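Source file run_34.tsv; content: TSV, C-alpha atoms.
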```
chain	number	residue	atom	x	y	z
H	185	MET	CA	0.00	0.00	0.00
H	186	LYS	CA	1.24	3.50	-0.85
H	187	LEU	CA	0.90	6.48	1.48
H	188	ASP	CA	-0.76	8.92	-0.93
H	189	HIS	CA	-4.09	8.87	0.88
H	190	VAL	CA	-2.68	9.84	4.28
H	191	VAL	CA	-1.31	13.28	3.39
H	192	MET	CA	-4.34	15.57	3.52
H	193	PRO	CA	-6.18	13.89	6.45
H	194	LEU	CA	-2.94	13.88	8.44
H	195	LEU	CA	-2.15	17.55	7.78
H	196	GLY	CA	-5.72	18.55	8.65
H	197	TRP	CA	-5.57	16.60	11.90
H	198	TYR	CA	-2.20	18.13	12.79
H	199	LYS	CA	-3.41	21.68	12.23
H	200	GLU	CA	-6.28	21.15	14.68
H	201	ASN	CA	-4.55	18.98	17.28
H	202	LYS	CA	-0.83	19.76	17.45
H	203	ARG	CA	0.53	20.42	20.92
H	204	ASP	CA	1.84	23.82	21.97
H	205	LEU	CA	5.56	23.17	22.51
H	206	PRO	CA	8.26	25.75	23.35
H	207	TRP	CA	10.33	24.84	20.28
H	208	ARG	CA	7.49	24.42	17.79
H	209	ASP	CA	6.60	26.99	15.08
H	210	LYS	CA	9.57	29.20	15.99
H	211	ASN	CA	11.32	28.91	12.61
H	212	ASN	CA	14.57	28.44	14.52
H	213	ALA	CA	16.93	25.66	13.42
H	214	TYR	CA	18.86	25.79	16.71
H	215	TYR	CA	15.65	25.24	18.71
H	216	THR	CA	14.71	22.32	16.48
H	217	TRP	CA	18.15	20.77	16.90
H	218	VAL	CA	18.27	21.12	20.69
H	219	SER	CA	14.74	19.80	21.15
H	220	GLU	CA	15.24	16.79	18.88
H	221	ILE	CA	18.40	15.73	20.70
H	222	MET	CA	16.69	16.15	24.07
H	223	LEU	CA	13.64	14.19	22.94
H	224	GLN	CA	15.69	11.08	22.18
H	225	GLN	CA	14.72	8.61	24.94
H	226	THR	CA	12.82	11.30	26.92
H	227	ARG	CA	9.13	12.23	26.98
H	228	VAL	CA	7.96	15.61	25.70
H	229	GLU	CA	6.54	16.79	29.04
H	230	ALA	CA	9.79	15.94	30.80
H	231	VAL	CA	11.87	17.76	28.15
H	232	LYS	CA	10.02	21.10	28.31
H	233	PRO	CA	11.69	22.52	31.45
H	234	TYR	CA	15.11	21.24	30.39
H	235	PHE	CA	14.73	22.88	26.97
H	236	GLU	CA	13.63	26.20	28.44
H	237	ARG	CA	16.51	26.24	30.95
H	238	PHE	CA	19.05	25.27	28.28
H	239	ILE	CA	17.89	27.93	25.81
H	240	ARG	CA	17.74	30.57	28.53
H	241	GLU	CA	21.41	30.02	29.35
H	242	LEU	CA	22.65	29.01	25.85
H	243	PRO	CA	20.41	30.92	23.44
H	244	ASP	CA	22.40	30.26	20.26
H	245	ILE	CA	25.15	28.22	18.61
H	246	ASP	CA	27.95	30.52	19.74
H	247	ALA	CA	26.90	30.25	23.38
H	248	LEU	CA	26.77	26.45	23.13
H	249	ALA	CA	30.17	26.28	21.46
H	250	ASP	CA	31.78	28.45	24.15
H	251	CYS	CA	30.13	26.95	27.24
H	252	PRO	CA	32.52	25.41	29.83
H	253	GLN	CA	32.03	21.65	29.79
H	254	ASP	CA	31.22	21.27	33.50
H	255	ARG	CA	28.45	23.84	33.14
H	256	LEU	CA	27.21	22.20	29.94
H	257	LEU	CA	26.96	18.80	31.62
H	258	LYS	CA	25.17	20.35	34.59
H	259	LEU	CA	22.58	21.89	32.23
H	260	TRP	CA	22.06	18.44	30.72
H	261	GLU	CA	21.82	16.69	34.09
H	262	GLY	CA	18.71	14.50	34.26
H	263	LEU	CA	18.46	13.89	30.51
H	264	GLY	CA	21.08	11.13	30.46
H	265	TYR	CA	23.24	10.05	27.53
H	266	TYR	CA	25.73	12.84	28.15
H	267	ASN	CA	27.68	12.09	24.98
H	268	ARG	CA	24.78	13.65	23.12
H	269	VAL	CA	25.41	17.10	24.56
H	270	ARG	CA	29.17	16.68	24.14
H	271	ASN	CA	28.55	15.91	20.48
H	272	MET	CA	26.27	18.94	20.24
H	273	GLN	CA	29.04	21.17	21.51
H	274	GLU	CA	31.52	19.71	19.01
H	275	ALA	CA	29.00	20.28	16.23
H	276	ALA	CA	28.38	23.83	17.47
H	277	LYS	CA	32.10	24.58	17.29
H	278	THR	CA	32.15	23.33	13.70
H	279	VAL	CA	29.09	25.44	12.81
H	280	LYS	CA	30.66	28.48	14.43
H	281	GLU	CA	33.90	28.07	12.50
H	282	LYS	CA	32.56	26.81	9.16
H	283	TYR	CA	29.05	28.25	8.86
H	284	GLN	CA	29.26	31.56	10.76
H	285	GLY	CA	27.25	30.19	13.68
H	286	VAL	CA	24.19	29.17	11.61
H	287	LEU	CA	23.17	25.57	11.02
H	288	PRO	CA	23.49	24.88	7.28
H	289	ALA	CA	20.29	24.64	5.23
H	290	ASP	CA	21.56	21.46	3.60
H	291	TYR	CA	20.61	17.90	4.58
H	292	GLU	CA	23.98	16.31	3.79
H	293	ALA	CA	25.90	19.12	5.48
H	294	LEU	CA	23.75	18.69	8.60
H	295	LYS	CA	24.43	14.93	8.59
H	296	SER	CA	28.17	15.61	8.50
H	297	LEU	CA	28.02	17.33	11.88
H	298	LYS	CA	28.97	15.41	15.02
H	299	GLY	CA	26.02	13.57	16.56
H	300	ILE	CA	23.51	14.42	13.81
H	301	GLY	CA	22.12	11.41	11.99
H	302	SER	CA	19.55	11.08	9.25
H	303	TYR	CA	16.55	11.61	11.54
H	304	THR	CA	17.82	14.80	13.24
H	305	ALA	CA	19.14	16.18	9.94
H	306	GLY	CA	15.75	15.50	8.38
H	307	ALA	CA	13.93	17.21	11.23
H	308	ILE	CA	16.10	20.34	11.06
H	309	ALA	CA	16.10	20.49	7.25
H	310	SER	CA	12.33	20.06	6.86
H	311	ILE	CA	11.03	21.96	9.91
H	312	ALA	CA	13.42	24.91	9.92
H	313	TYR	CA	14.29	25.18	6.22
H	314	GLY	CA	11.37	23.62	4.32
H	315	ILE	CA	13.55	21.02	2.60
H	316	VAL	CA	11.62	17.99	1.32
H	317	VAL	CA	13.34	15.23	3.27
H	318	PRO	CA	11.83	12.75	5.76
H	319	ALA	CA	12.55	12.56	9.50
H	320	VAL	CA	11.92	8.98	10.57
H	321	ASP	CA	11.98	8.21	14.29
H	322	GLY	CA	10.38	5.40	16.28
H	323	ASN	CA	6.98	7.09	16.25
H	324	VAL	CA	7.02	7.44	12.48
H	325	LEU	CA	8.15	3.85	11.97
H	326	ARG	CA	5.26	2.65	14.11
H	327	VAL	CA	2.69	4.74	12.24
H	328	VAL	CA	3.89	3.77	8.77
H	329	THR	CA	4.34	0.05	9.45
H	330	ARG	CA	0.82	-0.11	10.88
H	331	ILE	CA	-0.75	1.77	7.98
H	332	THR	CA	0.99	-0.44	5.42
H	333	GLU	CA	1.17	-3.67	7.47
H	334	ASN	CA	4.89	-3.81	6.82
H	335	PRO	CA	6.21	-7.11	8.26
H	336	ASP	CA	9.91	-6.23	7.97
H	337	ASP	CA	12.22	-5.82	10.98
H	338	ILE	CA	12.51	-2.07	11.64
H	339	THR	CA	15.86	-2.49	13.40
H	340	ARG	CA	17.43	-3.15	9.99
H	341	GLN	CA	18.83	-0.07	8.28
H	342	SER	CA	17.62	-1.27	4.87
H	343	VAL	CA	14.04	-1.31	6.15
H	344	ARG	CA	14.36	2.19	7.61
H	345	ARG	CA	15.77	3.49	4.31
H	346	LYS	CA	12.89	1.94	2.37
H	347	ILE	CA	10.35	3.60	4.68
H	348	GLU	CA	12.17	6.92	4.29
H	349	GLU	CA	11.84	6.56	0.52
H	350	GLU	CA	8.11	5.78	0.80
H	351	ILE	CA	7.54	8.89	2.92
H	352	GLN	CA	9.63	11.17	0.70
H	353	ALA	CA	7.61	10.07	-2.33
H	354	VAL	CA	4.41	11.56	-0.87
H	355	MET	CA	5.73	14.54	1.09
H	356	PRO	CA	3.97	17.80	0.18
H	357	LYS	CA	6.59	20.15	-1.23
H	358	GLU	CA	4.97	23.19	0.35
H	359	ARG	CA	4.70	21.71	3.88
H	360	PRO	CA	7.44	19.11	4.49
H	361	GLY	CA	8.06	20.22	8.08
H	362	ASP	CA	4.39	20.03	9.00
H	363	PHE	CA	4.09	16.60	7.39
H	364	ASN	CA	7.06	15.19	9.30
H	365	GLN	CA	5.81	16.69	12.56
H	366	ALA	CA	2.30	15.37	11.91
H	367	LEU	CA	3.62	11.81	11.56
H	368	MET	CA	5.68	12.21	14.74
H	369	GLU	CA	2.75	13.75	16.61
H	370	LEU	CA	0.35	11.00	15.56
H	371	GLY	CA	2.78	8.36	16.81
H	372	ALA	CA	3.34	10.23	20.07
H	373	VAL	CA	-0.26	10.85	21.11
H	374	VAL	CA	-2.56	8.51	19.11
H	375	CYS	CA	-0.75	5.62	17.41
H	376	ILE	CA	1.06	4.69	20.63
H	377	PRO	CA	2.61	1.30	21.46
H	378	ASN	CA	1.96	-1.53	23.93
H	379	GLY	CA	-1.73	-2.09	23.34
H	380	GLN	CA	-2.71	1.53	23.90
H	381	ALA	CA	-3.32	2.81	20.37
H	382	LYS	CA	-6.28	5.22	20.22
H	383	CYS	CA	-7.62	4.09	16.85
H	384	SER	CA	-11.00	5.76	17.45
H	385	GLU	CA	-9.19	9.13	17.50
H	386	CYS	CA	-6.97	8.46	14.49
H	387	PRO	CA	-7.58	10.41	11.25
H	388	LEU	CA	-6.05	7.52	9.29
H	389	SER	CA	-7.98	4.57	10.76
H	390	SER	CA	-10.04	4.12	7.58
H	391	VAL	CA	-6.90	3.49	5.51
H	392	CYS	CA	-4.76	1.76	8.16
H	393	LEU	CA	-4.41	-1.90	7.19
H	394	ALA	CA	-3.38	-3.00	10.69
H	395	HIS	CA	-6.53	-1.40	12.13
H	396	ILE	CA	-8.75	-2.79	9.38
H	397	HIS	CA	-7.37	-6.29	10.02
H	398	ASN	CA	-7.50	-5.84	13.83
H	399	ASN	CA	-3.76	-6.38	14.21
H	400	VAL	CA	-2.44	-3.02	15.37
H	401	ASP	CA	-0.26	-4.52	18.09
H	402	GLY	CA	1.45	-6.78	15.56
H	403	TYR	CA	3.42	-3.79	14.24
H	404	PRO	CA	6.10	-2.67	14.09
H	405	VAL	CA	8.14	-5.88	13.92
H	406	LYS	CA	11.42	-5.73	15.86
H	407	SER	CA	14.15	-8.26	16.52
H	408	GLN	CA	14.55	-9.09	20.20
H	409	LYS	CA	17.00	-7.00	22.19
H	410	LYS	CA	20.08	-8.61	23.71
H	411	THR	CA	19.85	-9.48	27.40
H	412	ARG	CA	21.32	-6.80	29.63
H	413	THR	CA	24.44	-7.51	31.66
H	414	ILE	CA	23.85	-7.29	35.42
H	415	GLU	CA	26.52	-5.43	37.41
H	416	LYS	CA	26.49	-5.27	41.22
H	417	LEU	CA	27.94	-2.17	42.88
H	418	THR	CA	28.45	-0.86	46.39
H	419	VAL	CA	28.01	2.92	46.52
H	420	PHE	CA	29.43	5.13	49.28
H	421	VAL	CA	27.87	8.38	50.50
H	422	ILE	CA	30.85	9.63	52.52
H	423	GLN	CA	30.21	12.83	54.47
H	424	ASP	CA	31.66	15.05	57.16
H	425	GLY	CA	29.75	17.95	58.67
H	426	TYR	CA	29.99	20.09	55.53
H	427	GLY	CA	29.86	18.05	52.39
H	428	THR	CA	30.15	14.80	50.45
H	429	ALA	CA	32.95	12.96	48.67
H	430	ILE	CA	32.48	12.64	44.91
H	431	ARG	CA	34.89	11.81	42.11
H	432	GLN	CA	35.15	12.20	38.36
H	433	ARG	CA	34.81	9.15	36.12
H	434	LYS	CA	37.30	8.29	33.39
H	435	GLU	CA	37.10	10.18	30.10
H	436	THR	CA	36.11	7.04	28.20
H	437	GLY	CA	33.41	4.42	28.67
H	438	LEU	CA	30.04	4.55	30.40
H	439	LEU	CA	29.15	8.02	31.82
H	440	ALA	CA	32.56	9.26	30.67
H	441	GLY	CA	33.87	12.34	32.47
H	442	LEU	CA	30.87	12.78	34.76
H	443	TYR	CA	30.93	13.01	38.53
H	444	GLU	CA	29.83	10.13	40.73
H	445	LEU	CA	29.57	8.89	44.26
H	446	PRO	CA	32.53	6.60	45.08
H	447	ASN	CA	31.69	2.98	44.36
H	448	ILE	CA	33.30	-0.43	44.00
H	449	PRO	CA	32.28	-3.58	42.10
H	450	GLY	CA	30.31	-6.19	44.03
H	451	TYR	CA	28.56	-6.09	47.39
H	452	VAL	CA	30.43	-5.68	50.69
H	453	LYS	CA	29.39	-5.93	54.33
H	454	GLU	CA	29.51	-3.04	56.81
H	455	ASP	CA	32.94	-3.93	58.17
H	456	GLN	CA	34.35	-4.09	54.63
H	457	ALA	CA	32.73	-0.75	53.81
H	458	LEU	CA	34.40	0.83	56.82
H	459	GLU	CA	37.75	-0.65	55.77
H	460	TYR	CA	37.32	0.89	52.31
H	461	VAL	CA	36.78	4.33	53.85
H	462	LYS	CA	39.82	3.89	56.11
H	463	SER	CA	41.89	2.94	53.06
H	464	GLN	CA	41.13	6.39	51.64
H	465	GLY	CA	42.77	8.04	54.66
H	466	LEU	CA	39.45	8.88	56.32
H	467	ASP	CA	38.29	8.21	59.88
H	468	PRO	CA	34.76	6.72	59.90
H	469	LEU	CA	32.53	7.58	62.86
H	470	PHE	CA	29.15	6.12	61.90
H	471	ILE	CA	27.69	3.92	59.17
H	472	GLU	CA	24.11	3.60	57.90
H	473	LYS	CA	22.92	1.13	55.30
H	474	LEU	CA	20.77	2.78	52.62
H	475	PRO	CA	17.97	1.17	50.57
H	476	PRO	CA	19.05	-0.79	47.47
H	477	ALA	CA	18.54	0.73	44.02
H	478	LYS	CA	18.94	-0.15	40.37
H	479	HIS	CA	19.50	1.77	37.16
H	480	ILE	CA	18.97	0.44	33.65
H	481	PHE	CA	21.18	1.49	30.76
H	482	SER	CA	20.63	0.20	27.22
H	483	HIS	CA	22.89	-2.85	27.63
H	484	VAL	CA	23.79	-2.85	31.34
H	485	GLU	CA	21.78	-2.88	34.54
H	486	TRP	CA	23.33	-1.63	37.77
H	487	ARG	CA	22.06	-3.19	40.98
H	488	MET	CA	23.34	-1.12	43.86
H	489	GLN	CA	23.61	-1.35	47.59
H	490	ALA	CA	24.86	1.69	49.48
H	491	TYR	CA	26.25	2.93	52.77
H	492	ARG	CA	26.14	6.42	54.18
H	493	ILE	CA	29.24	6.96	56.28
H	494	ARG	CA	30.05	9.91	58.54
H	495	VAL	CA	33.76	10.71	58.82
H	496	SER	CA	35.56	13.03	61.21
H	497	SER	CA	37.06	15.25	58.53
H	498	PHE	CA	38.05	15.28	54.86
H	499	THR	CA	41.21	17.28	55.50
H	500	LYS	CA	43.37	14.20	56.11
H	501	ALA	CA	42.14	12.27	53.09
H	502	GLU	CA	44.97	10.76	51.06
H	503	ASN	CA	42.87	10.03	47.98
H	504	ILE	CA	43.42	12.91	45.58
H	505	ASN	CA	40.76	11.47	43.25
H	506	PHE	CA	38.03	12.61	45.63
H	507	ILE	CA	36.41	16.02	45.41
H	508	PHE	CA	34.85	17.17	48.66
H	509	ALA	CA	31.79	19.12	47.59
H	510	ASP	CA	29.76	21.15	50.05
H	511	ARG	CA	26.00	20.78	49.97
H	512	GLU	CA	25.46	23.75	47.64
H	513	GLN	CA	28.23	22.75	45.20
H	514	ALA	CA	27.06	19.15	45.00
H	515	GLY	CA	23.63	20.28	43.85
H	516	GLN	CA	24.58	23.15	41.55
H	517	LYS	CA	28.09	22.71	40.21
H	518	TYR	CA	28.67	19.03	39.52
H	519	ALA	CA	26.76	16.92	37.00
H	520	ILE	CA	25.98	13.65	38.77
H	521	PRO	CA	24.10	11.25	36.47
H	522	SER	CA	20.65	9.93	37.29
H	523	ALA	CA	22.14	6.45	37.71
H	524	PHE	CA	22.92	7.61	41.26
H	525	GLY	CA	19.55	9.34	41.64
H	526	ALA	CA	18.45	7.14	44.56
H	527	TYR	CA	21.34	8.49	46.61
H	528	THR	CA	21.97	12.06	45.43
H	529	LYS	CA	19.23	13.37	47.74
H	530	TYR	CA	21.58	12.70	50.64
H	531	LEU	CA	24.12	15.16	49.25
H	532	LYS	CA	21.94	18.06	50.38
H	533	GLU	CA	21.19	16.62	53.81
H	534	GLU	CA	23.40	16.83	56.85
H	535	MET	CA	24.09	13.45	58.38
H	536	LYS	CA	22.97	13.33	62.02
```
Take the structure I supplied and represent it as structure tokens, if you would.
Amino acid sequence: MKLDHVVMPLLGWYKENKRDLPWRDKNNAYYTWVSEIMLQQTRVEAVKPYFERFIRELPDIDALADCPQDRLLKLWEGLGYYNRVRNMQEAAKTVKEKYQGVLPADYEALKSLKGIGSYTAGAIASIAYGIVVPAVDGNVLRVVTRITENPDDITRQSVRRKIEEEIQAVMPKERPGDFNQALMELGAVVCIPNGQAKCSECPLSSVCLAHIHNNVDGYPVKSQKKTRTIEKLTVFVIQDGYGTAIRQRKETGLLAGLYELPNIPGYVKEDQALEYVKSQGLDPLFIEKLPPAKHIFSHVEWRMQAYRIRVSSFTKAENINFIFADREQAGQKYAIPSAFGAYTKYLKEEMK
């Protein structure tokens, strides 16, 4: 089935039902770029305050390119996948040097920038510059495979490229940005996954083959994900009367370059936890076991136990890898990833 019949009903639906978003209808390529990167793996409602804070502090490409990295990571804190904002800064530096601080109105040039793939390049090109090129994300793949009853595995690049070609063939030349956003919007609020599709509200239900054949949940088809690796960690919230010990992770690997609570592989008992603290040149006074927590990455799952340990003073610490952050600094200066979210609340509390 071709997609010719979806264009006008979809555009009409979008005009009447599109959400009011802080980056939408601004005719600003930078806003489109920032929002699309933030929206990867994060819901729209959650992104709104992050977007507004980010734009308030870094209103344009030059500001992003020049931002100190610690501050940049702090602005991104809570969104995860910190390499995305690092890549954005690298791309911003390129745009500043090569394109006078303006994102190029060229699909291939956009794709050449660090961290910008075919989807993000398509979104920027079509929404901000009116270029007739598709922007195919997970929402769009779900909508199109349901309409056409496409049985192919959407995790394969060849399948994605074929769907991109099908969409480009029917894109209205005068409204490519609206058409791409309409497909995304339909997938985000109506044609949603996991048995929750709102087919009675869909403007395309009369031409959707999956709906007609009562098999909406059979699409899209995906190959099974690999099983996540389980890693056990013991996390330490080490505090004196003024602050908490944190440290910076290595510049490569998972959560590269971010700040974290000290931790070691595996689980240890209280006496072993106290010995660890002593090995850092600190004098433990009191130990409290904290509730267990877990954090799921794409391929790894952390299962954490934790101890909160009061020490006499940080001044004698021999471990130069620790940073002793006071309660205000820990909350405002250092980007601590959400993987430690179950324990970061203690950074602002004084241990009794």
Find the residues near Val495 (chain H): any atom within 9 Å, counting all atoms listed in the file, skip ones fewer than 2 places away on the same chain, and give them as number ranges by chain.
H: 422-425, 461, 466-470, 493, 497-498
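Restricting the calculation to only C-alpha atoms, the smallest distance between Lys258 (chain H) and any of H:Glu435, H:Glu292, H:Glu241, H:Glu200 is found for H:Glu241.
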Could you list, as a VMD selection string, every residue within 6 Å of Ile430 (chain H), counting only C-alpha atoms and ignoring same-chain residues fewer than 5 positions away?
chain H and resid 444 to 445 506 to 507
For Val286 (chain H), work out the shell of residues within 9 Å, counting all atoms listed in the file and skipping chain neighbours fewer than 2 positions away, then give it as a ChimeraX atom specification.
/H:213-214,244-245,276,279-280,283-284,288-289
Name the residues in contact with Arg433 (chain H) at a cut-off of 7 Å, using all atoms listed in the file, excluding same-chain residues fewer than 6 positions from it; report them as an NGL selection string.
:H and (440-444)
Smallest atom-to-atom distance to Gln516 (chain H): which of H:Ile331, H:Met272, H:Leu256, H:Val391, using all atoms listed in the file?
H:Leu256
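Across H:Thr413, H:Ser496, H:Asn323, H:Ser482, the tightest approach to Gln365 (chain H) is made by H:Asn323 when counting all atoms listed in the file.
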Write out as number ranges by chain the residues lying within 9 Å of Leu195 (chain H), counting all atoms listed in the file and excluding same-chain residues fewer than 6 positions away.
H: 359, 362-363, 366-367
Export of prior selection with C-alpha atoms as a JSON list (two decimals), in the frame of the given file:
```
[["chain", "number", "residue", "atom", "x", "y", "z"],
["H", 359, "ARG", "CA", 4.70, 21.71, 3.88],
["H", 362, "ASP", "CA", 4.39, 20.03, 9.00],
["H", 363, "PHE", "CA", 4.09, 16.60, 7.39],
["H", 366, "ALA", "CA", 2.30, 15.37, 11.91],
["H", 367, "LEU", "CA", 3.62, 11.81, 11.56]]
```
Residue with the minimum atom-to-atom distance to Lys210 (chain H), picked from H:Ala312, H:Ala305, H:Ile300, H:Leu263 with all atoms listed in the file counted, is H:Ala312
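Computed from the coordinates, the CA of Met488 (chain H) to CA of Lys473 (chain H) distance equals 11.7 Å.
For the choices H:Leu205, H:Leu417, H:Leu297, H:Val327, the atom-to-atom distance to His395 (chain H) is smallest for H:Val327 when using all atoms listed in the file.
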Since the input lacks atoms, please generate N, CA, C and O atoms for region 453-467 of chain H and provide them as a compact mmCIF listing (two decimals), keeping the file's coordinate frame.
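Final file, part36.txt:
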```txt
# COMPACT_ATOMS: atom_id res chain seq x y z
N LYS H 453 30.06 -6.08 53.04
CA LYS H 453 29.39 -5.93 54.33
C LYS H 453 29.86 -4.65 55.01
O LYS H 453 30.79 -3.98 54.55
N GLU H 454 29.22 -4.31 56.14
CA GLU H 454 29.51 -3.04 56.81
C GLU H 454 30.98 -2.93 57.20
O GLU H 454 31.60 -1.87 57.03
N ASP H 455 31.55 -4.01 57.74
CA ASP H 455 32.94 -3.93 58.17
C ASP H 455 33.88 -3.71 56.99
O ASP H 455 34.87 -2.97 57.07
N GLN H 456 33.55 -4.30 55.83
CA GLN H 456 34.35 -4.09 54.63
C GLN H 456 34.18 -2.66 54.09
O GLN H 456 35.14 -2.07 53.58
N ALA H 457 32.97 -2.12 54.22
CA ALA H 457 32.73 -0.75 53.81
C ALA H 457 33.55 0.23 54.64
O ALA H 457 34.13 1.19 54.12
N LEU H 458 33.61 -0.03 55.94
CA LEU H 458 34.40 0.83 56.82
C LEU H 458 35.89 0.73 56.49
O LEU H 458 36.61 1.73 56.51
N GLU H 459 36.35 -0.48 56.14
CA GLU H 459 37.75 -0.65 55.77
C GLU H 459 38.08 0.12 54.49
O GLU H 459 39.16 0.69 54.35
N TYR H 460 37.11 0.13 53.55
CA TYR H 460 37.32 0.89 52.31
C TYR H 460 37.52 2.38 52.63
O TYR H 460 38.42 3.02 52.09
N VAL H 461 36.68 2.91 53.50
CA VAL H 461 36.78 4.33 53.85
C VAL H 461 38.11 4.61 54.54
O VAL H 461 38.78 5.62 54.26
N LYS H 462 38.52 3.71 55.43
CA LYS H 462 39.82 3.89 56.11
C LYS H 462 40.96 3.87 55.10
O LYS H 462 41.95 4.60 55.25
N SER H 463 40.83 3.04 54.06
CA SER H 463 41.89 2.94 53.06
C SER H 463 42.05 4.23 52.26
O SER H 463 43.08 4.42 51.59
N GLN H 464 41.06 5.10 52.32
CA GLN H 464 41.13 6.39 51.64
C GLN H 464 41.71 7.48 52.55
O GLN H 464 41.70 8.66 52.20
N GLY H 465 42.19 7.07 53.72
CA GLY H 465 42.77 8.04 54.66
C GLY H 465 41.74 8.78 55.48
O GLY H 465 42.02 9.86 56.02
N LEU H 466 40.53 8.23 55.58
CA LEU H 466 39.45 8.88 56.32
C LEU H 466 39.15 8.10 57.59
O LEU H 466 39.40 6.89 57.69
N ASP H 467 38.59 8.79 58.57
CA ASP H 467 38.29 8.21 59.88
C ASP H 467 36.78 8.08 60.04
O ASP H 467 36.09 9.06 60.35
```
